[in-house]
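Below is one structure, written out as structure tokens, with a few remarks after it.
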Amino acid sequence: MNEIIVRKAVIEDISSIQNVAYKTWHDTYDGMIPENVQDKFLEKAYSDENMPGRIERTSLFVAVDKEQIIGFANFFYKNHYEAELGALYVLPEAQGKKTGTKLLEAGLVEKQSLQEIHVEVERDNVTGTSFYEARGFKVLEEYEEELYGHKLQTKRMKLTVPG
């Protein structure tokens with residue numbers, strides 16, 4: 001049985017990370033967020049210009065199964081105690097194998113002084129919300145924000161790291 005390996009992303013992973021982001025976003029948000037809005041966001045957030053900086057300046061982990069990247073998580077550490085989980089995506093066909101949990105744990109292992117992790121989830125993203133709730137995240141607030149003219153209903157969630 002092949003083990004899913006989680007490691008830090010390198011420049012050579014960029015196209016695979018972009019692929020996971022596009023597939024996962026469209027699978028998750030079709031019917032919630034218009035496709036053109038999704039594409040605008042993805043083109044900017046995961047552009048060839050932005051990705052090297054994300055790899056160099058943030059903690060970007062990839063999950064690898066059979067030499068293929070099947071997921072990634074991107075942590076932005078605010079300080080020694082707080083982090084923002086900017087992204088955690090696993091290919092739809094690879095979900096349910098504890099990959100997301102392993103990616104989340106990678107951030108906790110890397111920065112063992114963490115006391116809380118924040119994440120934002122679209123309210124109608126039931127899969128994402130359920131994933132975070134199952135791992136102990138609690139909803140702090142819900143608010144409306146705009147993404148390229150489309151109104152999103154966002155949940156801000158927090159995990160208090162047991163210490």
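Just so we're on the same page: first chain in the structure tokens is A, next is B, and so on; residues restart at 1 for each chain, and ligands are numbered from 1 in the order they show up.
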
Contacts between range 154-160 of chain A and range 14-126 of chain A, please, where a residue of range 14-126 of chain A counts if it comes within 6 Å (with only C-alpha atoms); show its shortest atom pair and distance in Å to one decimal, rows by chain and ascending number, as a tab-separated table.
```
residue	atom	partner	partner_atom	distance
A:Gln115	CA	A:Thr160	CA	5.8
A:Glu116	CA	A:Thr160	CA	4.6
A:Ile117	CA	A:Leu159	CA	5.1
A:His118	CA	A:Lys158	CA	4.5
A:Val119	CA	A:Met157	CA	5.3
A:Glu120	CA	A:Arg156	CA	4.5
A:Val121	CA	A:Lys155	CA	5.2
A:Glu122	CA	A:Thr154	CA	4.6
A:Arg123	CA	A:Thr154	CA	5.4
```

Selection from above, N, CA and C atoms, as a compact mmCIF listing (two decimals), in the first residue's frame, can you write it?
```txt
# COMPACT_ATOMS: atom_id res chain seq x y z
N GLN A 115 -1.04 28.23 18.80
CA GLN A 115 -2.15 28.09 19.73
C GLN A 115 -3.50 28.18 19.01
N GLU A 116 -3.50 28.83 17.85
CA GLU A 116 -4.75 28.88 17.08
C GLU A 116 -4.49 29.02 15.59
N ILE A 117 -5.42 28.41 14.85
CA ILE A 117 -5.40 28.48 13.38
C ILE A 117 -6.76 29.00 12.95
N HIS A 118 -6.75 30.00 12.08
CA HIS A 118 -7.99 30.55 11.52
C HIS A 118 -8.13 30.12 10.06
N VAL A 119 -9.35 29.96 9.64
CA VAL A 119 -9.63 29.63 8.25
C VAL A 119 -10.96 30.28 7.87
N GLU A 120 -11.09 30.62 6.58
CA GLU A 120 -12.35 31.14 6.06
C GLU A 120 -12.93 30.14 5.08
N VAL A 121 -14.23 29.90 5.19
CA VAL A 121 -14.91 28.91 4.36
C VAL A 121 -16.21 29.53 3.85
N GLU A 122 -16.50 29.33 2.58
CA GLU A 122 -17.78 29.76 2.02
C GLU A 122 -18.88 28.99 2.75
N ARG A 123 -19.91 29.71 3.19
CA ARG A 123 -20.99 29.11 4.00
C ARG A 123 -21.59 27.86 3.36
```

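In terms of minimum interatomic distance to Asn79 in chain A, A:Leu114 ranks closest within A:Leu114, A:Ala134, A:Gly100, A:Val20, counting only C-alpha atoms.
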
Query - Counting only C-alpha atoms, the residue of A:Glu84, A:Asp30, A:Glu3, A:Glu141 that sits nearest Glu67 in chain A - result: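 The answer is A:Glu3, which sits nearest to Glu67 in chain A.
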
Requested in this report: Compile the contact shell of Gln18 in chain A as a ChimeraX atom specification: residues with an atom at most 10 Å away, counting only C-alpha atoms, same-chain residues fewer than 2 positions apart removed.
Outcome: /A:13-16,20-24,42-43,45-48,51,72

Using the selection just defined, write its residues with C-alpha atoms as a PDB file, in the first residue's frame.
```pdb
ATOM      1  CA  ASP A  13       5.486  21.661  -7.896  1.00  0.00           C
ATOM      2  CA  ILE A  14       3.826  24.857  -9.145  1.00  0.00           C
ATOM      3  CA  SER A  15       1.927  23.417 -12.124  1.00  0.00           C
ATOM      4  CA  SER A  16       0.652  20.498 -10.024  1.00  0.00           C
ATOM      5  CA  VAL A  20      -5.204  20.846  -7.788  1.00  0.00           C
ATOM      6  CA  ALA A  21      -6.484  24.374  -7.103  1.00  0.00           C
ATOM      7  CA  TYR A  22      -8.417  24.577 -10.400  1.00  0.00           C
ATOM      8  CA  LYS A  23      -9.951  21.092 -10.180  1.00  0.00           C
ATOM      9  CA  THR A  24     -10.872  21.409  -6.526  1.00  0.00           C
ATOM     10  CA  LEU A  42      -7.598  31.260  -9.471  1.00  0.00           C
ATOM     11  CA  GLU A  43      -5.685  33.090 -12.212  1.00  0.00           C
ATOM     12  CA  ALA A  45      -4.053  33.665  -6.577  1.00  0.00           C
ATOM     13  CA  TYR A  46      -2.230  30.833  -8.347  1.00  0.00           C
ATOM     14  CA  SER A  47      -0.519  32.751 -11.147  1.00  0.00           C
ATOM     15  CA  ASP A  48       2.964  31.810 -12.327  1.00  0.00           C
ATOM     16  CA  MET A  51       3.441  31.052  -6.802  1.00  0.00           C
ATOM     17  CA  PHE A  72      -1.858  21.094  -0.715  1.00  0.00           C
TER      18      PHE A  72
END
```

Query raised in the report: If we count only C-alpha atoms, what is near Phe76 in chain A at a cut-off of 10 Å, once residues fewer than 5 positions away on the same chain are taken out, given as a PyMOL selection string?
Result: chain A and resi 54+57-60+82-87+107+117-118

Report task. Would you list the contacts of Asp124 in chain A as a PyMOL selection string, taking every protein, DNA or RNA residue within 10 Å and counting only C-alpha atoms, but skipping same-chain residues closer than 5 positions in sequence? Result -> chain A and resi 28-29+32+129+152-155

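Ranking A:Asn50, A:Asn36, A:Ser130, A:Gln68 by their shortest atom-to-atom distance to Ala94 in chain A, with only C-alpha atoms included, puts A:Gln68 first.
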
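When only C-alpha atoms are used to measure the gap to Tyr89 in chain A, the shortest distance among A:Gln112, A:Glu133, A:Gln38, A:Asp27 belongs to A:Asp27.
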
Query - Residue list (strand (DSSP E or B), DSSP) for range 78-115 of chain A, as a PyMOL selection string - result: chain A and resi 82-90

**Report entry** For CA of Ile4 in chain A and CA of Lys102 in chain A, the interatomic separation in Å (one decimal)
**Finding:**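 So the two atoms, CA of Ile4 in chain A and CA of Lys102 in chain A, lie 8.7 Å apart.
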
Using DSSP on the backbone coordinates, identify all residues within range 3-106 of chain A classified as helix (DSSP H, G or I); present the result as a compact mmCIF listing (two decimals) with N, CA and C atoms, in the first residue's frame.
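Just written: states.txt:
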```txt
# COMPACT_ATOMS: atom_id res chain seq x y z
N ILE A 11 9.59 24.77 -6.16
CA ILE A 11 9.22 25.47 -7.40
C ILE A 11 8.69 24.49 -8.46
N GLU A 12 9.28 23.32 -8.55
CA GLU A 12 8.87 22.34 -9.57
C GLU A 12 7.44 21.84 -9.36
N ASP A 13 6.85 22.11 -8.20
CA ASP A 13 5.49 21.66 -7.90
C ASP A 13 4.41 22.63 -8.39
N ILE A 14 4.81 23.80 -8.86
CA ILE A 14 3.83 24.86 -9.14
C ILE A 14 2.71 24.40 -10.07
N SER A 15 3.01 23.78 -11.19
CA SER A 15 1.93 23.42 -12.12
C SER A 15 0.99 22.38 -11.51
N SER A 16 1.51 21.49 -10.69
CA SER A 16 0.65 20.50 -10.02
C SER A 16 -0.24 21.16 -8.98
N ILE A 17 0.30 22.13 -8.24
CA ILE A 17 -0.50 22.86 -7.26
C ILE A 17 -1.61 23.63 -7.97
N GLN A 18 -1.27 24.28 -9.08
CA GLN A 18 -2.27 25.01 -9.86
C GLN A 18 -3.37 24.06 -10.34
N ASN A 19 -2.99 22.88 -10.79
CA ASN A 19 -3.95 21.88 -11.25
C ASN A 19 -4.91 21.48 -10.12
N VAL A 20 -4.37 21.22 -8.93
CA VAL A 20 -5.20 20.85 -7.79
C VAL A 20 -6.15 21.99 -7.44
N ALA A 21 -5.64 23.22 -7.43
CA ALA A 21 -6.48 24.37 -7.10
C ALA A 21 -7.65 24.51 -8.09
N TYR A 22 -7.36 24.43 -9.38
CA TYR A 22 -8.42 24.58 -10.40
C TYR A 22 -9.45 23.47 -10.29
N LYS A 23 -9.00 22.22 -10.24
CA LYS A 23 -9.95 21.09 -10.18
C LYS A 23 -10.80 21.14 -8.92
N THR A 24 -10.16 21.43 -7.79
CA THR A 24 -10.87 21.41 -6.53
C THR A 24 -11.85 22.57 -6.43
N TRP A 25 -11.42 23.76 -6.84
CA TRP A 25 -12.32 24.90 -6.80
C TRP A 25 -13.56 24.66 -7.66
N HIS A 26 -13.35 24.19 -8.87
CA HIS A 26 -14.50 23.98 -9.76
C HIS A 26 -15.40 22.87 -9.23
N ASP A 27 -14.83 21.83 -8.68
CA ASP A 27 -15.64 20.75 -8.12
C ASP A 27 -16.44 21.25 -6.92
N THR A 28 -15.81 22.05 -6.08
CA THR A 28 -16.44 22.52 -4.85
C THR A 28 -17.45 23.63 -5.10
N TYR A 29 -17.09 24.61 -5.94
CA TYR A 29 -17.87 25.83 -6.02
C TYR A 29 -18.78 25.96 -7.22
N GLU A 35 -18.54 30.55 -12.62
CA GLU A 35 -17.28 30.03 -13.14
C GLU A 35 -16.29 31.14 -13.50
N ASN A 36 -16.77 32.24 -14.08
CA ASN A 36 -15.86 33.32 -14.46
C ASN A 36 -15.23 33.97 -13.22
N VAL A 37 -15.95 34.02 -12.11
CA VAL A 37 -15.42 34.57 -10.85
C VAL A 37 -14.37 33.61 -10.29
N GLN A 38 -14.67 32.31 -10.33
CA GLN A 38 -13.70 31.31 -9.88
C GLN A 38 -12.40 31.45 -10.68
N ASP A 39 -12.54 31.53 -11.99
CA ASP A 39 -11.36 31.60 -12.86
C ASP A 39 -10.53 32.86 -12.60
N LYS A 40 -11.20 34.00 -12.40
CA LYS A 40 -10.46 35.24 -12.10
C LYS A 40 -9.67 35.08 -10.81
N PHE A 41 -10.32 34.54 -9.78
CA PHE A 41 -9.63 34.33 -8.50
C PHE A 41 -8.43 33.40 -8.67
N LEU A 42 -8.65 32.26 -9.31
CA LEU A 42 -7.60 31.26 -9.47
C LEU A 42 -6.43 31.80 -10.29
N GLU A 43 -6.74 32.53 -11.37
CA GLU A 43 -5.68 33.09 -12.21
C GLU A 43 -4.79 34.04 -11.43
N LYS A 44 -5.39 34.82 -10.53
CA LYS A 44 -4.60 35.76 -9.73
C LYS A 44 -3.88 35.05 -8.58
N ALA A 45 -4.62 34.29 -7.78
CA ALA A 45 -4.05 33.66 -6.58
C ALA A 45 -2.99 32.62 -6.90
N MET A 51 3.13 32.33 -7.46
CA MET A 51 3.44 31.05 -6.80
C MET A 51 4.86 30.94 -6.22
N PRO A 52 5.90 31.40 -6.92
CA PRO A 52 7.23 31.28 -6.30
C PRO A 52 7.32 32.01 -4.96
N GLY A 53 6.69 33.16 -4.84
CA GLY A 53 6.69 33.90 -3.58
C GLY A 53 5.95 33.16 -2.49
N ARG A 54 4.86 32.50 -2.84
CA ARG A 54 4.12 31.72 -1.84
C ARG A 54 4.99 30.59 -1.32
N ILE A 55 5.73 29.96 -2.21
CA ILE A 55 6.61 28.86 -1.79
C ILE A 55 7.74 29.38 -0.91
N GLU A 56 8.29 30.54 -1.25
CA GLU A 56 9.43 31.09 -0.50
C GLU A 56 9.03 31.73 0.82
N ARG A 57 7.87 32.42 0.87
CA ARG A 57 7.54 33.25 2.03
C ARG A 57 6.46 32.69 2.95
N PRO A 92 -10.78 15.94 -5.67
CA PRO A 92 -12.02 15.24 -5.31
C PRO A 92 -11.86 13.72 -5.26
N GLU A 93 -11.15 13.16 -6.23
CA GLU A 93 -11.00 11.70 -6.28
C GLU A 93 -10.06 11.16 -5.20
N ALA A 94 -9.34 12.05 -4.52
CA ALA A 94 -8.39 11.64 -3.48
C ALA A 94 -8.91 11.94 -2.07
N THR A 99 -5.92 12.71 3.77
CA THR A 99 -4.93 13.61 3.19
C THR A 99 -5.06 15.02 3.78
N GLY A 100 -6.27 15.52 3.88
CA GLY A 100 -6.49 16.85 4.45
C GLY A 100 -6.00 16.94 5.88
N THR A 101 -6.25 15.89 6.65
CA THR A 101 -5.79 15.85 8.04
C THR A 101 -4.27 15.88 8.11
N LYS A 102 -3.62 15.12 7.24
CA LYS A 102 -2.15 15.10 7.21
C LYS A 102 -1.59 16.47 6.84
N LEU A 103 -2.24 17.16 5.91
CA LEU A 103 -1.80 18.50 5.52
C LEU A 103 -1.96 19.49 6.68
N LEU A 104 -3.08 19.40 7.37
CA LEU A 104 -3.32 20.27 8.52
C LEU A 104 -2.28 20.00 9.61
N GLU A 105 -2.01 18.74 9.87
CA GLU A 105 -1.03 18.36 10.89
C GLU A 105 0.38 18.84 10.54
N ALA A 106 0.69 18.93 9.25
CA ALA A 106 2.02 19.39 8.83
C ALA A 106 2.28 20.81 9.34
```
